[in-house]
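Heads up, the thing below is written out as structure tokens.
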Amino acid sequence: MSNPSYIHEHLINKINKSPYKAYFILSGGGQSFLSSFMSVGGASKTIIGANVPYAKEMLIEVLGHEPLKYVSEQTAREMAVKSYLKCLQCNVPKEYALGFGITCSLATNNEREDRKHSIFIAVHSYNYTSVLYIVLEGNERMSREDEEYAVCYTIIGMLENIVDNDLGQSYTEGNTSYTLPYRDWE
């Protein structure tokens, strides 16, 4: 089934059937993920909360210090650990608590020619921290909307992977892989 809305809803429903709970801190991009995920009923089964410190001062407040670099692996990791701790504060069992830290440098209306568009998505659990780094490049730049789309589906894909592998637990949804359709971005 290649209908993107079917894939989107199917993946989110699959994630929501798992015992995992997640908290998200997103800065510089990725906010469309929250809207997209919560547009499917039952999102509260997975998302326990989110924080969007968009201004530098707000991210400094969340982290407790000024990061050396705002869009970096280290910053994403710190955001993920803070998110994980939020899960524990909500009494989520540690083996099902997931903290996500997303920090991005996406398209803007005052673009510098040499500006690198990149995404760092970190996930922290009781037994690992993983960081995905993506550089968005090509002959023609994607629009902000397209870059947000990339962030959104990457986060959903990471959640699906966690659910499928169930961090050592058993999950009987089966092995299903999706190729998200490439949009002919205009």
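Identifiers for the structure tokens are assigned positionally: chains receive A, B, ... in sequence, residues are indexed from 1 per chain, and ligands are indexed from 1 in the order shown.
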Show me, as a ChimeraX atom specification, the residues that have an atom within 8 Å of Ser118 of chain A when counting only C-alpha atoms, minus same-chain residues fewer than 6 positions from it. /A:71,104-106,133-136
Please identify all polymer residues within 10 Å of Ile15 of chain A, counting only C-alpha atoms, omitting same-chain residues fewer than 2 positions from it, and present them as an MDAnalysis selection string. chainID A and resid 9:13 17:21 42:43 45:46 156:157 159:164
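Across A:Gln74, A:Thr103, A:Asn91, A:Thr108, the tightest approach to Val151 of chain A is made by A:Thr103 when counting only C-alpha atoms.
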Using only C-alpha atoms, which protein or nucleic acid residues come within 8 Å of segment 24-30 of chain A? Drop anything in the same chain fewer than 4 positions from it, and give the result as a PyMOL selection string. chain A and resi 34+47+49-54+59+79-80+83+99-106+148+151-152
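Note that atom CA of Ala55 of chain A and atom CA of Ala22 of chain A are 22.8 Å apart.
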DSSP on the backbone: what in segment 11-175 of chain A comes out helix (DSSP H, G or I), as a count of residues only? 70
DSSP says strand (DSSP E) for which residues of segment 4-137 of chain A? Put them as a ChimeraX atom specification? /A:21-27,47-51,97-105,117-124,129-136
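Residues lying within 10 Å of Ser130 of chain A, counting only C-alpha atoms and ignoring same-chain neighbours fewer than 6 positions away, are Glu73, Ala76, Arg77, Ala80, Phe100, Ile121, Ala122, Val123 and His124 of chain A.
Coordinates place atom CA of Tyr153 of chain A at a distance of 22.6 Å from atom CA of Lys82 of chain A.
If you measure from each of A:Tyr96, A:Phe120, A:Tyr23, A:Tyr128 to Ser72 of chain A using only C-alpha atoms, the closest one turns out to be A:Phe120.
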Name the residues in contact with Glu95 of chain A at a cut-off of 9 Å, using only C-alpha atoms, excluding same-chain residues fewer than 4 positions from it; report them as a PyMOL selection string. chain A and resi 20+125-127+167
Could you save those same residues with N, CA, C and O atoms as a PDB file, in the first residue's frame?
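Produced file selection31.pdb, reproduced below:
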ATOM      1  N   TYR A  20       5.974   1.465  24.999  1.00  0.00           N
ATOM      2  CA  TYR A  20       6.926   2.567  25.112  1.00  0.00           C
ATOM      3  C   TYR A  20       6.241   3.910  25.280  1.00  0.00           C
ATOM      4  O   TYR A  20       5.209   4.179  24.676  1.00  0.00           O
ATOM      5  N   SER A 125      17.635   5.651  26.378  1.00  0.00           N
ATOM      6  CA  SER A 125      16.836   4.716  27.168  1.00  0.00           C
ATOM      7  C   SER A 125      17.686   4.262  28.347  1.00  0.00           C
ATOM      8  O   SER A 125      18.800   4.748  28.538  1.00  0.00           O
ATOM      9  N   TYR A 126      17.183   3.306  29.095  1.00  0.00           N
ATOM     10  CA  TYR A 126      17.916   2.849  30.280  1.00  0.00           C
ATOM     11  C   TYR A 126      19.201   2.111  29.912  1.00  0.00           C
ATOM     12  O   TYR A 126      20.108   2.023  30.730  1.00  0.00           O
ATOM     13  N   ASN A 127      19.306   1.590  28.683  1.00  0.00           N
ATOM     14  CA  ASN A 127      20.498   0.802  28.357  1.00  0.00           C
ATOM     15  C   ASN A 127      21.266   1.271  27.123  1.00  0.00           C
ATOM     16  O   ASN A 127      22.199   0.609  26.714  1.00  0.00           O
ATOM     17  N   LEU A 167      13.784  -3.759  22.256  1.00  0.00           N
ATOM     18  CA  LEU A 167      14.855  -3.709  23.259  1.00  0.00           C
ATOM     19  C   LEU A 167      14.950  -4.985  24.086  1.00  0.00           C
ATOM     20  O   LEU A 167      15.066  -4.971  25.298  1.00  0.00           O
TER      21      LEU A 167
END
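Minimum atom-to-atom distances from A:Val81, A:Ala97, A:Met58, A:Leu88 to Val131 of chain A were compared using only C-alpha atoms, and the lowest value belongs to A:Val81.
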